[in-house]
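run.tsv follows; it contains TSV, C-alpha atoms and all ligand atoms.
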```tsv
chain	number	residue	atom	x	y	z
A	14	MET	CA	175.05	100.03	143.15
A	15	LEU	CA	177.90	99.90	145.62
A	16	THR	CA	177.83	103.21	147.48
A	17	ARG	CA	180.31	103.03	150.31
A	18	ILE	CA	182.97	101.07	152.13
A	19	ASP	CA	180.73	99.46	154.75
A	20	HIS	CA	183.60	97.94	156.67
A	21	ILE	CA	187.09	96.53	156.65
A	22	GLY	CA	187.28	93.14	158.35
A	23	ILE	CA	190.37	92.60	160.51
A	24	ALA	CA	191.20	89.16	161.90
A	25	CYS	CA	192.66	88.98	165.39
A	26	PHE	CA	193.54	86.33	167.95
A	27	ASP	CA	192.16	88.22	170.98
A	28	LEU	CA	189.17	90.48	170.36
A	29	ASP	CA	189.26	92.21	173.73
A	30	ARG	CA	192.95	93.12	173.46
A	31	THR	CA	192.49	94.31	169.87
A	32	VAL	CA	189.47	96.44	170.80
A	33	GLU	CA	191.57	97.99	173.56
A	34	PHE	CA	194.36	98.80	171.06
A	35	TYR	CA	191.93	100.63	168.76
A	36	ARG	CA	190.40	102.49	171.72
A	37	ALA	CA	193.68	103.50	173.35
A	38	THR	CA	195.54	104.32	170.13
A	39	TYR	CA	192.85	105.98	168.01
A	40	GLY	CA	189.93	106.63	170.33
A	41	PHE	CA	187.54	104.34	168.43
A	42	GLU	CA	184.78	102.88	170.61
A	43	VAL	CA	182.77	99.70	170.14
A	44	PHE	CA	179.45	100.59	168.49
A	45	HIS	CA	178.13	97.03	168.45
A	46	SER	CA	179.35	93.52	169.22
A	47	GLU	CA	177.90	90.09	168.58
A	48	VAL	CA	178.67	86.42	167.97
A	49	ASN	CA	177.76	85.05	164.54
A	50	GLU	CA	177.80	81.28	164.93
A	51	GLU	CA	177.11	80.60	161.26
A	52	GLN	CA	180.23	82.56	160.29
A	53	GLY	CA	182.22	81.34	163.31
A	54	VAL	CA	183.16	84.80	164.56
A	55	ARG	CA	182.95	87.01	167.61
A	56	GLU	CA	183.04	90.56	166.31
A	57	ALA	CA	183.17	94.18	167.33
A	58	MET	CA	182.08	96.99	165.02
A	59	LEU	CA	183.90	100.31	165.48
A	60	ARG	CA	181.94	103.07	163.74
A	61	ILE	CA	184.30	105.42	161.93
A	62	ASN	CA	182.01	107.79	160.04
A	63	GLY	CA	178.57	108.30	158.54
A	64	THR	CA	178.25	108.28	154.75
A	65	ASP	CA	176.35	110.14	152.03
A	66	ASP	CA	173.85	107.30	151.53
A	67	GLY	CA	172.70	107.39	155.16
A	68	GLY	CA	174.84	104.41	156.13
A	69	ALA	CA	178.17	104.30	157.91
A	70	SER	CA	181.66	102.87	157.65
A	71	TYR	CA	183.11	100.58	160.30
A	72	LEU	CA	186.14	98.56	161.23
A	73	GLN	CA	185.00	95.01	161.93
A	74	LEU	CA	187.32	93.23	164.37
A	75	LEU	CA	186.93	89.45	164.09
A	76	GLU	CA	188.01	86.69	166.46
A	77	PRO	CA	187.24	83.11	165.40
A	78	THR	CA	184.95	81.00	167.58
A	79	ARG	CA	186.34	77.80	166.07
A	80	GLU	CA	189.55	76.80	164.31
A	81	ASP	CA	187.82	75.44	161.20
A	82	SER	CA	185.97	78.72	160.48
A	83	ALA	CA	186.99	81.01	157.61
A	84	VAL	CA	188.72	83.43	159.98
A	85	GLY	CA	190.25	80.63	162.08
A	86	LYS	CA	191.81	79.03	159.01
A	87	TRP	CA	193.01	82.35	157.67
A	88	LEU	CA	194.62	83.33	161.00
A	89	ALA	CA	196.44	80.01	161.27
A	90	LYS	CA	197.92	80.56	157.83
A	91	ASN	CA	198.56	84.32	157.81
A	92	GLY	CA	198.45	85.64	161.36
A	93	GLU	CA	196.56	88.81	162.21
A	94	GLY	CA	195.67	91.41	159.61
A	95	VAL	CA	193.15	92.67	157.06
A	96	HIS	CA	190.87	89.77	156.13
A	97	HIS	CA	188.24	91.33	153.84
A	98	ILE	CA	186.69	94.52	152.58
A	99	ALA	CA	182.94	95.07	152.43
A	100	PHE	CA	181.05	97.37	150.07
A	101	GLY	CA	177.63	98.68	151.07
A	102	THR	CA	174.67	98.53	148.70
A	103	ALA	CA	170.91	98.99	148.98
A	104	ASP	CA	170.45	95.83	146.87
A	105	VAL	CA	172.82	92.98	147.72
A	106	ASP	CA	170.70	90.50	145.73
A	107	GLY	CA	170.78	92.55	142.53
A	108	ASP	CA	174.43	93.54	142.79
A	109	ALA	CA	175.52	89.95	143.58
A	110	ALA	CA	173.59	88.67	140.56
A	111	ALA	CA	175.12	91.28	138.25
A	112	ILE	CA	178.63	90.52	139.51
A	113	ARG	CA	178.04	86.76	139.15
A	114	ASP	CA	177.00	87.39	135.53
A	115	GLN	CA	180.46	88.85	134.97
A	116	GLY	CA	182.02	85.53	135.94
A	117	VAL	CA	183.04	86.31	139.51
A	118	ARG	CA	182.26	83.52	141.97
A	119	VAL	CA	179.66	84.65	144.51
A	120	LEU	CA	180.00	82.30	147.48
A	121	TYR	CA	176.34	82.10	148.55
A	122	ASP	CA	173.23	81.39	146.49
A	123	GLU	CA	171.27	83.65	148.84
A	124	PRO	CA	172.68	86.35	151.13
A	125	ARG	CA	173.18	85.30	154.76
A	126	THR	CA	172.85	87.15	158.04
A	127	GLY	CA	175.66	89.58	158.89
A	128	SER	CA	176.44	92.11	161.55
A	129	MET	CA	173.54	94.11	163.03
A	130	GLY	CA	170.92	92.23	161.04
A	131	SER	CA	172.50	93.00	157.66
A	132	ARG	CA	172.35	90.69	154.65
A	133	ILE	CA	175.76	89.69	153.30
A	134	THR	CA	177.47	87.69	150.62
A	135	PHE	CA	181.10	87.21	149.58
A	136	LEU	CA	183.05	87.19	146.31
A	137	HIS	CA	185.87	84.69	145.97
A	138	PRO	CA	189.26	86.36	146.57
A	139	LYS	CA	190.84	84.48	143.66
A	140	ASP	CA	188.39	86.25	141.31
A	141	CYS	CA	189.02	89.67	142.92
A	142	HIS	CA	192.79	90.09	142.60
A	143	GLY	CA	193.43	88.50	145.99
A	144	VAL	CA	190.87	90.45	148.01
A	145	LEU	CA	188.05	88.64	149.81
A	146	THR	CA	185.18	91.03	149.05
A	147	GLU	CA	181.86	91.21	150.89
A	148	LEU	CA	178.65	92.91	149.77
A	149	VAL	CA	176.36	94.23	152.52
A	150	THR	CA	172.84	95.56	152.71
A	151	SER	CA	172.26	97.07	156.13
A	152	ALA	CA	169.17	96.28	158.14
A	153	PRO	CA	166.42	98.92	157.74
A	154	PRO	CA	167.12	101.98	159.91
A	155	THR	CA	164.07	101.32	162.09
A	156	ALA	CA	165.60	98.03	163.30
A	157	SER	CA	167.64	98.10	166.49
A	158	HIS	CA	171.33	97.51	166.00
A	159	GLY	CA	171.01	94.92	168.75
A	160	ASP	CA	173.11	96.23	171.63
B	201	LIG	C1	191.53	82.59	151.66
B	201	LIG	N1	192.25	83.12	150.66
B	201	LIG	C2	192.23	84.44	150.76
B	201	LIG	C3	191.44	84.72	151.91
B	201	LIG	N2	191.02	83.54	152.44
B	201	LIG	N3	192.77	85.41	150.02
B	201	LIG	C4	192.56	86.68	150.41
B	201	LIG	N4	191.83	87.01	151.50
B	201	LIG	C5	191.26	86.06	152.27
B	201	LIG	N5	190.56	86.40	153.33
B	201	LIG	C6	192.99	82.38	149.63
B	201	LIG	C7	193.96	81.41	150.24
B	201	LIG	O1	195.19	82.03	150.53
B	201	LIG	C8	194.07	80.34	149.20
B	201	LIG	O2	194.97	80.74	148.19
B	201	LIG	C9	192.67	80.30	148.60
B	201	LIG	O3	192.08	81.58	148.90
B	201	LIG	C10	191.82	79.21	149.23
B	201	LIG	O4	191.85	79.41	150.63
B	201	LIG	P1	191.78	78.26	151.73
B	201	LIG	O5	192.68	78.66	152.83
B	201	LIG	O6	191.95	76.91	151.10
B	201	LIG	O7	190.33	78.42	152.30
B	201	LIG	P2	188.93	77.99	151.71
B	201	LIG	O8	188.97	77.84	150.22
B	201	LIG	O9	188.41	76.87	152.52
B	201	LIG	O10	188.09	79.31	152.09
B	201	LIG	C11	188.34	80.56	151.50
B	201	LIG	C12	186.98	81.29	151.40
B	201	LIG	C13	186.39	81.34	152.82
B	201	LIG	C14	187.25	82.68	150.85
B	201	LIG	C15	186.08	80.50	150.44
B	201	LIG	O11	187.26	82.04	153.67
B	201	LIG	C16	185.02	81.92	152.88
B	201	LIG	O12	184.00	81.25	152.60
B	201	LIG	N6	184.91	83.23	153.26
B	201	LIG	C17	183.62	83.90	153.36
B	201	LIG	C18	183.09	83.88	154.75
B	201	LIG	C19	183.95	84.63	155.75
B	201	LIG	O13	185.08	85.00	155.43
B	201	LIG	N7	183.40	84.83	156.99
B	201	LIG	C20	184.15	85.53	158.03
B	201	LIG	C21	183.77	86.95	158.10
B	201	LIG	P3	196.20	79.84	147.72
B	201	LIG	O14	197.00	79.58	148.96
B	201	LIG	O15	195.53	78.60	147.18
B	201	LIG	O16	196.89	80.67	146.69
B	201	LIG	S1	182.09	87.11	158.71
B	201	LIG	C22	181.59	88.73	158.37
B	201	LIG	O17	182.38	89.45	157.65
B	201	LIG	C23	180.36	89.14	158.88
B	201	LIG	C24	179.54	88.31	159.77
B	201	LIG	C25	179.86	90.51	158.55
B	201	LIG	O18	180.52	91.28	157.87
B	201	LIG	O19	178.72	90.84	158.98
B	202	CO	CO	182.46	91.45	157.19
```
Please rewrite the model in this file as structure tokens.
Ligand code: V0V
Ligand code: CO
Amino acid sequence: MLTRIDHIGIACFDLDRTVEFYRATYGFEVFHSEVNEEQGVREAMLRINGTDDGGASYLQLLEPTREDSAVGKWLAKNGEGVHHIAFGTADVDGDAAAIRDQGVRVLYDEPRTGSMGSRITFLHPKDCHGVLTELVTSAPPTASHGD
């Protein structure tokens, strides 16, 4: 079951300048940052609020580490802006399988590693009314968020 908006992914050309905009304009601070080489992104997670299911909602600011990555290609075509939305679930495997059974293309056979040790998969935007949609199961609360 999808229980929250885990994050909104925002593509940017310059992560440091974009982080500074969100800090100066809204007061949001970086909760966590990392490089995900598999996904080709350098990212900063800005924690917005906790949620009823014990998780949290974030903005995920994304700068590509290479031009041929998903975010690099998208930026070249569209410029900066909202790149994807991510729903949180306790069971990414089960929810991805159920959604695949409805005929929506799930991009990965098995979930891959996402921010802060989460497990993630994506639904094809062409099957989701133009929205690249991610499903996320957070790492167990005992795990460090890796700062
Ligand atoms: C592409 N399209 C999109 C889109 N990206 N539509 C809405 N939102 C997006 N973000 C459209 C595009 O305009 C084309 O439509 C069509 O899909 C095919 O796009 P393409 O440019 O030819 O690109 P593809 O097909 O090579 O790749 C598109 C997909 C790719 C969605 C398959 O971006 C992908 O695998 N994304 C999943 C991985 C990802 O996004 N990683 C970065 C975030 P027209 O022009 O044909 O109509 S990493 C992350 O979120 C992490 C680590 C985390 O949360 O922890
Ligand atoms: Co994401």
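Shortest separation to ligand LIG 201 (chain B) among A:Arg113, A:His45, A:His96, A:Arg125 occurs at residue A:His96, atoms counted being all atoms listed in the file.
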Q: Around ligand CO 202 (chain B), at most 9 Å away and counting only C-alpha atoms and all ligand atoms, which residues are there? Put them as an MDAnalysis selection string, please.
A: chainID A and resid 19:23 72:75 96:99 127:128 133 135 146:149
Could you please take those selected residues and save C-alpha atoms as a tab-separated table (two decimals), keeping the file's coordinate frame?
```tsv
chain	number	residue	atom	x	y	z
A	19	ASP	CA	180.73	99.46	154.75
A	20	HIS	CA	183.60	97.94	156.67
A	21	ILE	CA	187.09	96.53	156.65
A	22	GLY	CA	187.28	93.14	158.35
A	23	ILE	CA	190.37	92.60	160.51
A	72	LEU	CA	186.14	98.56	161.23
A	73	GLN	CA	185.00	95.01	161.93
A	74	LEU	CA	187.32	93.23	164.37
A	75	LEU	CA	186.93	89.45	164.09
A	96	HIS	CA	190.87	89.77	156.13
A	97	HIS	CA	188.24	91.33	153.84
A	98	ILE	CA	186.69	94.52	152.58
A	99	ALA	CA	182.94	95.07	152.43
A	127	GLY	CA	175.66	89.58	158.89
A	128	SER	CA	176.44	92.11	161.55
A	133	ILE	CA	175.76	89.69	153.30
A	135	PHE	CA	181.10	87.21	149.58
A	146	THR	CA	185.18	91.03	149.05
A	147	GLU	CA	181.86	91.21	150.89
A	148	LEU	CA	178.65	92.91	149.77
A	149	VAL	CA	176.36	94.23	152.52
```
Six-sided padding of 6 Å per side, axis-aligned box over ligand LIG 201 (chain B), centre and edges in Å, one decimal, as AutoDock Vina command-line options:
```
--center_x 187.9 --center_y 84.1 --center_z 153.2 --size_x 30.3 --size_y 26.4 --size_z 25.1
```
Q.
Residues within 12 Å of A:Lys90, please, as a list in words. Count only C-alpha atoms; anything in the same chain fewer than 6 positions from it doesn't count.
A.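 Listed by chain and then number, they are Ala24, Glu80, Asp81, Ala83, Val84 and His96 of chain A.
Distances to A:Thr78 were evaluated for A:Val48, A:Cys25, A:Met58, A:Val105 using only C-alpha atoms, and the minimum falls at A:Val48.
Take atom CA of A:Leu15 and atom CA of A:Thr102: the distance between them is 4.7 Å.
As for atom C7 of ligand LIG 201 (chain B) and atom CA of A:Thr31, they are spaced 23.5 Å apart.
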Q. By how many Å are atom CA of A:Asn91 and atom C11 of ligand LIG 201 (chain B) apart?
A.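 Those two atoms sit 12.6 Å apart.
Using only C-alpha atoms for every distance, the candidate list A:Leu120, A:Leu145, A:Ala103, A:Val43 yields A:Ala103 as the residue closest to A:Gly68.
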Q) Taking into account all atoms listed in the file, which residue in the set A:Lys86, A:Asp140, A:Asp114, A:Gly101 is nearest to ligand LIG 201 (chain B)? A) A:Lys86
Q. If you count only C-alpha atoms, which residues fall within 10 Å of A:Glu50, apart from same-chain ones fewer than 2 positions away, as a PyMOL selection string?
A. chain A and resi 47-48+52-55+77-79+82
Q: Select, from A:Ile18, A:Val144, A:Ala57, A:Ala111, the residue with the minimum atom-to-atom distance to A:Val32, counting only C-alpha atoms.
A: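 Answer, going by the shortest atom-to-atom distance: A:Ala57.
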